[in-house]
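Structure first, then comments.
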Amino acid sequence: MMFRDTEDQVAIRNTVRMLMKQFPDEYWMEKDSKEEFPEEFYSAFAEAGFLGASVPEEFDGSGLPLADVAAILQEISESGAGMAGASAVHMSMFGIQAIIKHADSRLRGEILPRILNGSLQICFGVTEPDAGTDTTRITTFARRDGEDYIIRGNKVWISKALDADECLLLVRTAKIEDCARPTDGMSLILVPMKSAGIAVSPIPMLGRRSIAACEVVFEDVRVPANRIVGEEGKGFRYLLESLNAERILVAAEAVGLGRAALAKAVRYANERQVFGRIIGQNQGVQFPLADSYARLEAADLAARKAAWLYDAGESCGAEANTAKYLASEAAFEAADRAMQTLGGFGYANEYHVERYFREARLWRVAPVAQNLILSFIAERVLGLPRSF
């Protein structure tokens, strides 16, 4: 395992940094305040060819390993774009693995080229109001009716639902009581978001306001049966294939935002004078920032190890979850300490640290809450009894 970037990763990071100079903090502040999707960034990112980073070359993508994709998303976040920038492209970059691996050639041919050129946006519909993290308890149901499925149910916290053209929707195609295992009977279906019977309502949020998270209601939505991804009843298995990768990418994004916050704090601490001295001379200012640097470095190493294992085809569940846990904690603490360093100015919009703070908080509850990661480690790594 290497502890420095490969030549390819150095080139990737430099290219992304140059691209992100077009989109400074002021751009993201404006999008956040107006609650507007960052269309200009998304288009520039697609034009640069990055949306196809994780797509195999046989489908006209770049076929990059996960470690390289993590480098791209980390640089986006570290530029100051934070969670808003990463979330704008995350799903289109890596959330389409189920389509790549399991959709038939007709569906891949219809969807993938348009995702790669940026003309089609996609969202992922899993979470439900009454199921939460217990995905086996979803109730959104797709009933077969001739050559169609008729879908009825509710999803919540669906990022990009307002802007998406398609939703990769997890539904039940068999009732849980009729299945041998709770994980059976779930399927993935690509649903056009302009279908009759779909109602989308954005949820007012604390942070990441430029990327709407929505409640989506499906009221007898009719979808052709040939839009199912893979085999009926195997959707949960397809979902599990992407979970470790998602945690690794989220960890990289969180480290990036934590570093952005730390950089703001260090710059301010080197410039601000109080009582006739630079505040960065005070150990009370130095030590928290130095501690955050160490914690972000540790989280980054954990994420790199997890990505290395993933790309090598090794088991990495413990490592991926650990990386996500450490990075989420380190990012939020760095943002909080940056606010404390700037004092009252940290609370002001113009310094951008308050936006970092609001966005960093979300990683502690999404895409999986920290307590569930600790439960996973306790049970699967330490061998303690299942707690739920």
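Residues in the structure tokens are named by chain (A, B, ... in the order shown) and by number from 1 within that chain; ligands are numbered from 1 in the order shown.
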Can you pull out every residue from region 56-130 of chain A that DSSP, working from the backbone, puts in helix (DSSP H, G or I), and format the result as a compact mmCIF listing (two decimals) with C-alpha atoms, in the first residue's frame?
```
# COMPACT_ATOMS: atom_id res chain seq x y z
CA GLU A 57 -14.23 1.89 -20.38
CA GLU A 58 -16.51 -0.51 -22.25
CA PHE A 59 -19.32 1.95 -21.52
CA LEU A 66 -12.30 3.92 -6.24
CA ALA A 67 -9.20 5.57 -4.75
CA ASP A 68 -9.05 7.92 -7.76
CA VAL A 69 -12.77 8.71 -7.55
CA ALA A 70 -12.29 9.49 -3.84
CA ALA A 71 -9.49 11.91 -4.78
CA ILE A 72 -11.83 13.74 -7.17
CA LEU A 73 -14.60 14.14 -4.60
CA GLN A 74 -12.16 15.11 -1.87
CA GLU A 75 -10.73 17.91 -4.00
CA ILE A 76 -14.23 19.19 -4.79
CA SER A 77 -15.10 19.33 -1.12
CA GLU A 78 -11.74 20.80 -0.04
CA SER A 79 -12.11 23.66 -2.52
CA GLY A 80 -14.88 25.04 -0.30
CA ALA A 81 -17.69 23.47 -2.31
CA GLY A 82 -18.09 21.04 0.56
CA MET A 83 -21.01 18.70 0.73
CA ALA A 84 -22.99 20.74 -1.79
CA GLY A 85 -20.38 20.28 -4.51
CA ALA A 86 -19.80 16.63 -3.75
CA SER A 87 -23.51 15.82 -3.54
CA ALA A 88 -24.17 17.47 -6.89
CA VAL A 89 -22.09 14.83 -8.68
CA HIS A 90 -21.71 11.93 -6.23
CA MET A 91 -24.75 9.98 -7.42
CA SER A 92 -23.98 10.41 -11.12
CA MET A 93 -20.38 9.33 -10.55
CA PHE A 94 -20.78 6.27 -8.38
CA GLN A 97 -23.07 0.97 -10.25
CA ALA A 98 -26.22 -1.15 -10.06
CA ILE A 99 -27.17 0.01 -13.55
CA ILE A 100 -23.69 -0.72 -14.89
CA LYS A 101 -23.49 -4.17 -13.32
CA HIS A 102 -27.05 -5.43 -13.50
CA SER A 105 -27.92 -3.71 -22.47
CA ARG A 106 -30.98 -1.78 -23.69
CA LEU A 107 -31.38 0.10 -20.40
CA ARG A 108 -27.65 0.75 -20.09
CA GLY A 109 -27.60 2.10 -23.62
CA GLU A 110 -30.49 4.43 -22.85
CA ILE A 111 -29.20 5.77 -19.53
CA LEU A 112 -25.40 5.68 -19.31
CA PRO A 113 -24.45 7.92 -22.26
CA ARG A 114 -26.75 10.66 -21.02
CA ILE A 115 -25.39 10.43 -17.49
CA LEU A 116 -21.84 10.69 -18.79
```
Open item on the list: Give me the residues near Arg137 (chain A) as a PyMOL selection string, where near means some atom within 9 Å (using only C-alpha atoms) and where sequence neighbours in that chain fewer than 3 positions away do not count.
Closed with: chain A and resi 128+130-134+176+182
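For the set A:Arg267, A:Arg209, A:Lys160, A:Arg222, the residue with the smallest atom-to-atom gap to Phe141 (chain A) is A:Arg222, counting only C-alpha atoms.
The closest residue to Asn270 (chain A), picked from A:Glu241, A:Ile198, A:Leu51, A:Leu342 and counting only C-alpha atoms, is A:Leu342.
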Task: strand (DSSP E or B) call set, DSSP backbone run, region 212-292 of chain A, as a ChimeraX atom specification - done: /A:213-224,228-229,234,273-274,277-278
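Compared by their closest atoms to Gly207 (chain A), and using only C-alpha atoms, the residues A:Glu35, A:Glu253, A:Asp311, A:Glu246 rank with A:Glu35 nearest.
Distances from A:Ala44, A:Leu240, A:Ile228, A:Val223 to Lys21 (chain A) were compared using only C-alpha atoms, and the smallest one belongs to A:Ala44.
Residue nearest Cys179 (chain A) within the list A:Thr6, A:Asn244, A:Ser195, A:Thr136: A:Thr136 [criterion: smallest interatomic distance, only C-alpha atoms].
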Excluding region 300-304 of chain A and its own-chain neighbours fewer than 2 positions away, which residues fall within 10 Å of it when counting only C-alpha atoms? Please give them as an mmCIF file with C-alpha atoms, in the first residue's frame.
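Okay, this is what ended up in selection-v2.cif:
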```cif
data_model
loop_
_atom_site.group_PDB
_atom_site.id
_atom_site.type_symbol
_atom_site.label_atom_id
_atom_site.label_comp_id
_atom_site.auth_asym_id
_atom_site.auth_seq_id
_atom_site.Cartn_x
_atom_site.Cartn_y
_atom_site.Cartn_z
ATOM 1 C CA MET A 1 0.000 0.000 0.000
ATOM 2 C CA MET A 2 1.294 3.437 -0.965
ATOM 3 C CA PHE A 3 1.061 6.365 1.435
ATOM 4 C CA ARG A 4 1.324 9.012 -1.254
ATOM 5 C CA ASP A 5 -0.739 9.787 -4.314
ATOM 6 C CA LEU A 66 -12.299 3.917 -6.236
ATOM 7 C CA ALA A 67 -9.199 5.573 -4.753
ATOM 8 C CA ALA A 70 -12.295 9.488 -3.844
ATOM 9 C CA ALA A 71 -9.494 11.907 -4.778
ATOM 10 C CA GLN A 74 -12.159 15.115 -1.865
ATOM 11 C CA ARG A 247 -18.827 5.102 2.976
ATOM 12 C CA ILE A 248 -15.294 5.459 1.596
ATOM 13 C CA LEU A 249 -16.293 8.287 -0.732
ATOM 14 C CA VAL A 250 -18.198 10.074 2.025
ATOM 15 C CA ALA A 251 -15.112 9.809 4.239
ATOM 16 C CA ALA A 252 -12.976 11.421 1.543
ATOM 17 C CA GLU A 253 -15.509 14.222 1.098
ATOM 18 C CA ALA A 254 -15.692 14.850 4.848
ATOM 19 C CA VAL A 255 -11.908 15.056 5.156
ATOM 20 C CA GLY A 256 -11.918 17.574 2.310
ATOM 21 C CA ALA A 294 -4.012 15.179 13.275
ATOM 22 C CA ARG A 295 -7.556 13.802 13.346
ATOM 23 C CA LEU A 296 -8.175 14.693 9.692
ATOM 24 C CA GLU A 297 -4.876 13.039 8.704
ATOM 25 C CA ALA A 298 -5.842 9.883 10.596
ATOM 26 C CA ALA A 306 -10.328 1.216 2.857
ATOM 27 C CA ALA A 307 -10.164 2.355 -0.785
ATOM 28 C CA TRP A 308 -6.997 0.303 -1.333
ATOM 29 C CA LEU A 309 -8.702 -2.811 0.034
ATOM 30 C CA TYR A 310 -11.817 -2.155 -2.049
ATOM 31 C CA GLU A 319 -12.385 -0.292 7.276
ATOM 32 C CA ALA A 320 -15.016 1.551 5.207
ATOM 33 C CA ASN A 321 -17.261 2.091 8.215
ATOM 34 C CA THR A 322 -14.338 3.137 10.405
ATOM 35 C CA ALA A 323 -13.207 5.672 7.808
ATOM 36 C CA LYS A 324 -16.683 7.163 7.560
ATOM 37 C CA TYR A 325 -16.965 7.386 11.345
ATOM 38 C CA LEU A 326 -13.580 9.019 11.881
ATOM 39 C CA ALA A 327 -13.920 11.447 8.964
ATOM 40 C CA ALA A 330 -13.052 15.027 12.423
#
```
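Close contacts of Asn349 (chain A), defined as residues with an atom at most 10 Å away when counting only C-alpha atoms, with chain neighbours fewer than 6 positions off set aside, comprise Glu26, Met29, Ser33 and Arg355 of chain A.
Using only C-alpha atoms for every distance, the candidate list A:Gly125, A:Gly153, A:Gly258, A:Gly346 yields A:Gly258 as the residue closest to Ala334 (chain A).
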TODO: Mind checking which residues fall within 6 Å of Ala53 (chain A), counting only C-alpha atoms, ignoring those fewer than 3 positions away in the same chain, and posting them as a ChimeraX atom specification?
DONE: /A:50,62-64
Let me see the file: selected residues, C-alpha atoms, as a compact mmCIF listing (two decimals), in the first residue's frame.
```txt
# COMPACT_ATOMS: atom_id res chain seq x y z
CA PHE A 50 -15.40 13.47 -14.65
CA SER A 62 -12.70 6.25 -17.54
CA GLY A 63 -12.84 3.09 -15.44
CA LEU A 64 -10.91 4.67 -12.57
```
Task: Long-range neighbours of Tyr149 (chain A) as a VMD selection string, 6 Å cut-off, only C-alpha atoms, 4 positions minimum in chain - done: chain A and resid 142 to 145 222 to 223 225
Using C-alpha atoms, can you write the selected residues to a file as a PDB file, in the first residue's frame?
```pdb
ATOM      1  CA  ALA A 142     -44.475  -2.231  -7.173  1.00  0.00           C
ATOM      2  CA  ARG A 143     -47.378  -4.420  -8.287  1.00  0.00           C
ATOM      3  CA  ARG A 144     -47.061  -6.194 -11.615  1.00  0.00           C
ATOM      4  CA  ASP A 145     -49.840  -5.340 -14.045  1.00  0.00           C
ATOM      5  CA  ARG A 222     -47.114   3.158 -13.985  1.00  0.00           C
ATOM      6  CA  VAL A 223     -43.653   2.118 -15.186  1.00  0.00           C
ATOM      7  CA  ALA A 225     -41.556  -3.680 -16.483  1.00  0.00           C
TER       8      ALA A 225
END
```
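Rounded to one decimal, CA of Ala260 (chain A) and CA of Glu333 (chain A) lie 12.3 Å from each other.
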Open item on the list: Applying 12 Å and only C-alpha atoms, which residues near Arg237 (chain A) remain after dropping the ones on its own chain fewer than 5 positions away? List them as number ranges by chain.
Closed with: A: 98, 102, 135-136, 170, 182-188, 229-232, 242-243
Atoms to include: C-alpha atoms. Write the selected residues as a PDB file, in the first residue's frame.
```pdb
ATOM      1  CA  ALA A  98     -26.218  -1.150 -10.055  1.00  0.00           C
ATOM      2  CA  HIS A 102     -27.049  -5.434 -13.503  1.00  0.00           C
ATOM      3  CA  THR A 135     -34.310  -0.876   4.794  1.00  0.00           C
ATOM      4  CA  THR A 136     -35.978  -4.292   4.953  1.00  0.00           C
ATOM      5  CA  LEU A 170     -35.921   0.515  -4.265  1.00  0.00           C
ATOM      6  CA  PRO A 182     -36.505  -9.926   5.147  1.00  0.00           C
ATOM      7  CA  THR A 183     -33.926  -8.931   2.515  1.00  0.00           C
ATOM      8  CA  ASP A 184     -35.749 -10.867  -0.205  1.00  0.00           C
ATOM      9  CA  GLY A 185     -38.514  -9.455  -2.370  1.00  0.00           C
ATOM     10  CA  MET A 186     -36.979  -6.025  -3.024  1.00  0.00           C
ATOM     11  CA  SER A 187     -36.207  -4.728  -6.506  1.00  0.00           C
ATOM     12  CA  LEU A 188     -34.596  -1.732  -8.176  1.00  0.00           C
ATOM     13  CA  VAL A 229     -32.605  -3.264 -12.964  1.00  0.00           C
ATOM     14  CA  GLY A 230     -31.378  -6.847 -12.821  1.00  0.00           C
ATOM     15  CA  GLU A 231     -33.584  -9.579 -11.449  1.00  0.00           C
ATOM     16  CA  GLU A 232     -36.798  -9.031  -9.564  1.00  0.00           C
ATOM     17  CA  SER A 242     -22.302  -0.177  -3.167  1.00  0.00           C
ATOM     18  CA  LEU A 243     -22.442   0.500   0.581  1.00  0.00           C
TER      19      LEU A 243
END
```
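Between CA of Glu166 (chain A) and CA of Ile122 (chain A) there is a distance of 4.9 Å.
When CA of Ile150 (chain A) is paired with CA of Asp220 (chain A), their separation reads 5.4 Å.
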